[in-house]
file start.txt (compact mmCIF, C-alpha atoms)
# COMPACT_ATOMS: atom_id res chain seq x y z
CA MET A 1 124.94 99.71 97.60
CA ALA A 2 121.55 100.97 96.42
CA LEU A 3 118.17 99.24 96.38
CA ILE A 4 116.52 99.83 92.99
CA THR A 5 112.72 99.70 93.19
CA GLU A 6 109.97 99.60 90.59
CA THR A 7 108.82 103.03 91.76
CA PHE A 8 112.28 104.45 91.11
CA LEU A 9 112.40 102.93 87.60
CA ARG A 10 108.95 104.25 86.72
CA ALA A 11 110.06 107.73 87.79
CA ARG A 12 112.88 107.48 85.22
CA LEU A 13 110.65 106.50 82.29
CA ALA A 14 110.09 110.11 81.18
CA ARG A 15 113.86 110.60 80.77
CA GLY A 16 114.34 107.15 79.29
CA ILE A 17 115.95 104.02 80.70
CA PRO A 18 119.07 102.87 78.82
CA ASN A 19 119.24 99.30 77.53
CA PRO A 20 121.29 97.69 78.91
CA LEU A 21 120.83 99.47 82.24
CA PRO A 22 124.21 100.05 83.95
CA ILE A 23 124.23 99.50 87.70
CA ALA A 24 126.94 98.94 90.27
CA GLU A 25 128.01 95.38 91.05
CA GLU A 26 126.70 95.66 94.64
CA ASP A 27 123.32 97.21 93.75
CA LYS A 28 120.18 95.14 94.31
CA LEU A 29 116.79 95.13 92.60
CA THR A 30 113.49 94.36 94.27
CA PRO A 31 111.55 91.50 92.61
CA ALA A 32 109.06 94.04 91.26
CA ALA A 33 111.87 96.09 89.71
CA ALA A 34 113.34 93.00 88.07
CA ASP A 35 109.93 92.09 86.61
CA PHE A 36 109.49 95.69 85.42
CA LEU A 37 112.76 95.56 83.46
CA LYS A 38 112.11 92.05 82.12
CA SER A 39 108.67 93.03 80.81
CA ARG A 40 110.29 95.84 78.81
CA GLY A 41 113.19 93.75 77.55
CA ILE A 42 115.76 95.85 79.44
CA ALA A 43 118.93 93.98 80.37
CA LEU A 44 121.29 94.76 83.25
CA GLN A 45 124.93 95.68 82.87
CA ARG A 46 126.77 95.36 86.16
CA THR A 47 130.04 97.19 86.57
CA SER A 48 132.46 97.70 89.43
CA ALA A 49 133.80 100.90 87.90
CA GLY A 50 132.03 104.20 87.41
CA GLN A 51 128.75 105.39 88.86
CA PRO A 52 125.49 103.45 88.78
CA VAL A 53 122.72 104.93 86.70
CA HIS A 54 120.78 106.27 89.67
CA LEU A 55 123.68 108.63 90.41
CA ARG A 56 124.08 109.97 86.87
CA GLU A 57 122.39 113.03 85.44
CA ALA A 58 123.06 115.32 82.51
CA GLY A 59 126.07 117.45 83.41
CA GLY A 60 127.53 114.77 85.66
CA GLY A 61 125.72 115.81 88.85
CA LEU A 62 125.07 113.29 91.61
CA THR A 63 121.47 112.44 92.42
CA LEU A 64 119.72 110.67 95.29
CA PRO A 65 116.48 108.66 95.34
CA VAL A 66 113.74 110.02 97.60
CA GLY A 67 111.82 108.00 100.17
CA VAL A 68 108.78 109.74 101.67
CA SER A 69 108.17 108.64 105.24
CA ALA A 70 104.60 108.84 106.55
CA ARG A 71 103.77 108.87 110.25
CA HIS A 72 104.89 105.66 111.95
CA VAL A 73 105.85 104.04 115.24
CA HIS A 74 108.90 102.10 116.44
CA LEU A 75 108.26 99.94 119.49
CA SER A 76 110.40 98.28 122.13
CA PRO A 77 109.76 94.56 122.70
CA GLU A 78 108.10 95.39 126.02
CA HIS A 79 105.68 97.81 124.38
CA VAL A 80 104.87 95.34 121.58
CA GLU A 81 103.71 92.92 124.28
CA ALA A 82 101.89 95.66 126.21
CA LEU A 83 99.90 96.65 123.12
CA PHE A 84 99.29 93.22 121.56
CA GLY A 85 99.74 90.61 124.28
CA PRO A 86 102.47 88.52 125.98
CA GLY A 87 104.91 86.87 123.59
CA TYR A 88 103.54 88.75 120.60
CA ALA A 89 105.84 89.23 117.58
CA LEU A 90 105.30 91.77 114.81
CA ALA A 91 104.31 90.32 111.42
CA PRO A 92 106.13 91.79 108.39
CA LEU A 93 103.90 93.30 105.70
CA ARG A 94 106.48 94.63 103.22
CA GLU A 95 110.20 95.33 103.09
CA LEU A 96 111.52 98.88 103.38
CA SER A 97 114.47 100.42 101.54
CA GLN A 98 116.90 99.63 104.38
CA LYS A 99 117.97 96.00 104.74
CA GLY A 100 116.22 94.19 107.58
CA GLN A 101 113.61 96.92 108.08
CA TYR A 102 109.94 96.31 107.32
CA ALA A 103 106.46 97.77 107.64
CA ALA A 104 104.50 95.55 110.01
CA GLN A 105 100.96 94.36 109.49
CA GLU A 106 100.03 95.86 112.85
CA THR A 107 98.84 99.43 113.35
CA VAL A 108 98.10 101.53 116.42
CA THR A 109 96.13 104.64 117.32
CA LEU A 110 97.93 107.76 118.55
CA ILE A 111 96.02 109.74 121.18
CA GLY A 112 96.86 113.39 121.89
CA PRO A 113 95.26 116.16 123.98
CA LYS A 114 93.13 117.41 121.06
CA GLY A 115 92.75 114.51 118.67
CA ILE A 116 93.65 111.01 117.54
CA LEU A 117 95.41 109.47 114.54
CA PRO A 118 94.16 105.93 113.81
CA ASN A 119 95.81 103.18 111.75
CA VAL A 120 99.39 104.37 112.26
CA ARG A 121 101.81 101.77 110.88
CA ILE A 122 104.40 100.07 113.09
CA LEU A 123 107.86 99.60 111.59
CA GLY A 124 109.91 96.60 112.60
CA PRO A 125 111.84 94.96 113.97
CA ALA A 126 111.36 96.01 117.60
CA ARG A 127 114.09 98.31 118.91
CA GLY A 128 115.50 99.42 122.25
CA ALA A 129 113.25 102.44 122.87
CA SER A 130 109.82 103.26 121.52
CA GLN A 131 109.60 106.27 119.22
CA VAL A 132 106.77 107.94 117.30
CA GLU A 133 107.49 109.97 114.15
CA VAL A 134 104.84 112.37 112.84
CA SER A 135 104.71 115.43 110.60
CA ARG A 136 104.15 118.97 111.81
CA THR A 137 100.62 118.76 110.40
CA ASP A 138 100.00 115.59 112.43
CA GLY A 139 101.14 117.46 115.51
CA PHE A 140 98.40 120.06 115.00
CA ALA A 141 95.82 117.29 114.75
CA LEU A 142 97.05 115.71 117.98
CA GLY A 143 97.41 119.00 119.85
CA ILE A 144 101.16 118.48 120.41
CA GLN A 145 104.08 120.20 118.72
CA PRO A 146 107.06 117.84 118.84
CA PRO A 147 110.55 119.09 118.01
CA VAL A 148 112.51 118.24 114.87
CA ARG A 149 115.00 115.55 115.90
CA LEU A 150 117.10 112.81 114.37
CA SER A 151 115.84 109.33 115.10
CA GLY A 152 116.95 108.17 118.55
CA ASN A 153 117.47 111.68 119.96
CA LEU A 154 114.49 111.59 122.32
CA GLN A 155 115.62 113.38 125.48
CA GLY A 156 113.22 116.17 126.40
CA THR A 157 110.67 115.31 123.71
CA PRO A 158 106.94 115.17 124.50
CA GLY A 159 105.10 111.96 125.20
CA ILE A 160 102.12 110.40 123.46
CA THR A 161 99.54 107.72 124.23
CA ILE A 162 99.55 104.65 121.97
CA ALA A 163 96.55 102.31 121.80
CA GLY A 164 96.91 98.80 120.41
CA LYS A 165 94.65 95.80 120.00
CA ASN A 166 95.13 94.54 123.55
CA GLY A 167 96.43 97.49 125.55
CA VAL A 168 97.55 101.10 125.90
CA VAL A 169 101.02 102.58 126.45
CA ALA A 170 101.62 106.15 127.64
CA LEU A 171 105.08 107.28 126.53
CA ARG A 172 106.69 109.92 128.72
CA GLU A 173 108.85 111.00 125.80
CA GLY A 174 109.51 109.87 122.25
CA LEU A 175 107.31 111.94 119.93
CA ILE A 176 109.33 113.72 117.20
CA VAL A 177 109.20 115.25 113.77
CA ALA A 178 112.01 113.34 112.06
CA LYS A 179 114.79 115.55 110.72
CA ASN A 180 115.44 114.97 107.04
CA HIS A 181 118.44 112.71 106.49
CA VAL A 182 120.07 110.46 103.93
CA HIS A 183 121.19 106.86 104.39
CA MET A 184 124.45 105.97 102.64
CA SER A 185 126.64 102.90 102.41
CA LEU A 186 130.40 103.32 102.77
CA ASP A 187 130.73 103.32 98.96
CA ASP A 188 127.96 105.92 98.62
CA ALA A 189 129.67 108.18 101.16
CA ALA A 190 132.92 107.92 99.22
CA ARG A 191 131.18 108.82 95.94
CA PHE A 192 129.45 111.80 97.53
CA GLU A 193 132.63 112.77 99.40
CA VAL A 194 130.94 112.97 102.80
CA ALA A 195 131.18 111.28 106.18
CA ALA A 196 128.69 110.36 108.89
CA GLY A 197 127.40 113.50 110.59
CA ASP A 198 128.07 115.76 107.60
CA SER A 199 125.22 117.61 105.94
CA ILE A 200 124.37 118.01 102.27
CA ILE A 201 122.28 120.46 100.26
CA VAL A 202 119.92 118.94 97.71
CA GLN A 203 117.68 120.52 95.09
CA THR A 204 114.46 119.17 93.61
CA MET A 205 114.18 118.98 89.83
CA GLY A 206 110.47 119.60 89.26
CA ASP A 207 108.49 122.67 88.22
CA ARG A 208 108.95 124.23 91.68
CA SER A 209 112.60 123.99 92.59
CA VAL A 210 113.17 123.59 96.34
CA LEU A 211 116.42 123.41 98.30
CA PHE A 212 116.81 121.25 101.39
CA ALA A 213 119.81 122.95 102.95
CA ASP A 214 120.72 120.77 105.95
CA VAL A 215 120.20 117.07 105.22
CA THR A 216 122.09 114.97 107.77
CA VAL A 217 124.26 112.15 106.41
CA ARG A 218 124.00 108.75 108.11
CA VAL A 219 126.50 106.10 107.03
CA SER A 220 126.58 102.35 107.61
CA PRO A 221 127.75 99.31 105.63
CA ALA A 222 124.17 98.04 105.92
CA TYR A 223 122.50 101.15 104.46
CA SER A 224 121.09 101.62 100.98
CA LEU A 225 121.11 105.08 99.41
CA ASP A 226 117.85 106.82 100.31
CA LEU A 227 116.87 110.40 101.22
CA HIS A 228 114.16 110.41 103.89
CA LEU A 229 111.64 113.26 103.96
CA ASP A 230 108.37 113.46 105.84
CA THR A 231 105.02 114.03 104.13
CA ASP A 232 104.95 117.78 104.79
CA GLU A 233 108.37 118.25 103.19
CA ALA A 234 107.53 116.01 100.24
CA ASN A 235 104.20 117.73 99.58
CA ALA A 236 105.78 121.19 99.72
CA ALA A 237 108.39 120.09 97.16
CA SER A 238 105.98 118.04 94.98
CA LEU A 239 108.01 114.89 95.63
CA LYS A 240 107.01 111.26 95.93
CA THR A 241 108.88 108.07 96.72
CA GLY A 242 111.11 107.12 93.81
CA ASP A 243 111.73 110.69 92.63
CA ALA A 244 115.28 112.01 92.53
CA VAL A 245 116.94 115.16 93.85
CA ARG A 246 120.41 116.41 92.97
CA LEU A 247 123.33 117.24 95.19
CA VAL A 248 124.19 120.96 95.08
CA GLY A 249 126.32 121.44 98.18
CA ARG A 250 127.98 120.02 101.27
CA ASN A 251 128.19 121.24 104.87
CA GLY A 252 126.46 124.54 104.20
CA THR A 253 128.43 125.44 101.07
CA LEU A 254 126.82 125.46 97.62
CA GLN A 255 128.77 124.03 94.70
CA ASP A 256 129.89 126.65 92.20
CA ALA A 257 127.37 125.52 89.57
CA ALA A 258 124.50 125.92 92.02
CA ARG A 259 125.30 129.32 93.52
CA GLY A 260 122.83 131.12 91.33
CA LEU A 261 119.96 128.85 92.39
CA ALA A 262 119.63 129.68 96.08
call {"tool": "encode", "arguments": {"input": "start.txt", "output": "structure tokens"}}
result
Amino acid sequence: MALITETFLRARLARGIPNPLPIAEEDKLTPAAADFLKSRGIALQRTSAGQPVHLREAGGGLTLPVGVSARHVHLSPEHVEALFGPGYALAPLRELSQKGQYAAQETVTLIGPKGILPNVRILGPARGASQVEVSRTDGFALGIQPPVRLSGNLQGTPGITIAGKNGVVALREGLIVAKNHVHMSLDDAARFEVAAGDSIIVQTMGDRSVLFADVTVRVSPAYSLDLHLDTDEANAASLKTGDAVRLVGRNGTLQDAARGLA
């Protein structure tokens, strides 16, 4: 299943959006995306066979939508209360691409040895262990150089001080630069012929072609197809949320058609 957003549809305008727009039976549209199509008189054509439009490109290559992830914080329930007060619950601001995930209205300030980063968004809901995800550039500003890790792999990572409205929390560990990864549903994984823990190679399609050679695959029935890059990676590749990249290899091996590109 994929979540089709207005941003994704706008990114496709230059190449043209077919009418009717074919999408998979299980795909979902955000309300803004539905309004976008309605305002242009574009109907939907749902089908259980074949590939949805967001996976089709000239030449039959598979593509993935990009989601650019800015610095953010995940908090445990205990740390939510420590920062904002006893019994406090995060207030959703907007939904994210993954079902049940949201950007909260609340923000915090990150405090490092050499600098601070104010107004850092909290993502909800609360989770088991607190975690802070920043870019390499953010690390320079804070005076800390966190390692590149997948979300949840926090052992041996540096700590960071988090200041909220009503309190301060000093994490002993939990500061990372998030490794690029792609969320896939079970159907997506089957279409891309990968499994959880595999890696894929993707190529950008703009004026400056860039390869991301080791994108980790994460699979769950609850996931929507989305490639997560941080702001440094996206800026280097001239990408924004809603853009698309194409699959050119799996598990370190380029597809035959892409061998001349690397």
call {"tool": "residues_around", "arguments": {"input": "start.txt", "residues": "Gly87 (chain A)", "least_positions_apart": "4", "cutoff": "10 Å", "atoms": "only C-alpha atoms", "output": "ChimeraX atom specification"}}
result
/A:77-78,80-82
call {"tool": "residues_near_point", "arguments": {"input": "start.txt", "point": "(113.9, 93.6, 107.3)", "cutoff": "12 Å", "atoms": "only C-alpha atoms", "output": "ChimeraX atom specification"}}
result
/A:90-104,123-126,222-223
call {"tool": "closest_residue", "arguments": {"input": "start.txt", "among": "A:Glu6, A:Ser238, A:Val217, A:Gly67", "to": "Lys38 (chain A)", "atoms": "all atoms listed in the file"}}
result
A:Glu6
call {"tool": "closest_residue", "arguments": {"input": "start.txt", "among": "A:Leu64, A:Ala70, A:Gly167, A:Gly143", "to": "Val108 (chain A)", "atoms": "only C-alpha atoms"}}
result
A:Gly167
call {"tool": "residues_around", "arguments": {"input": "start.txt", "residues": "Asn251 (chain A)", "least_positions_apart": "3", "cutoff": "8 Å", "atoms": "only C-alpha atoms", "output": "VMD selection string"}}
result
chain A and resid 198 to 201 214
call {"tool": "closest_residue", "arguments": {"input": "start.txt", "among": "A:Gly115, A:Gly249, A:Gly242, A:Gly197", "to": "Thr5 (chain A)", "atoms": "all atoms listed in the file"}}
result
A:Gly242
call {"tool": "closest_residue", "arguments": {"input": "start.txt", "among": "A:Val68, A:Ser135, A:Asp35, A:Ile111", "to": "Lys240 (chain A)", "atoms": "all atoms listed in the file"}}
result
A:Val68
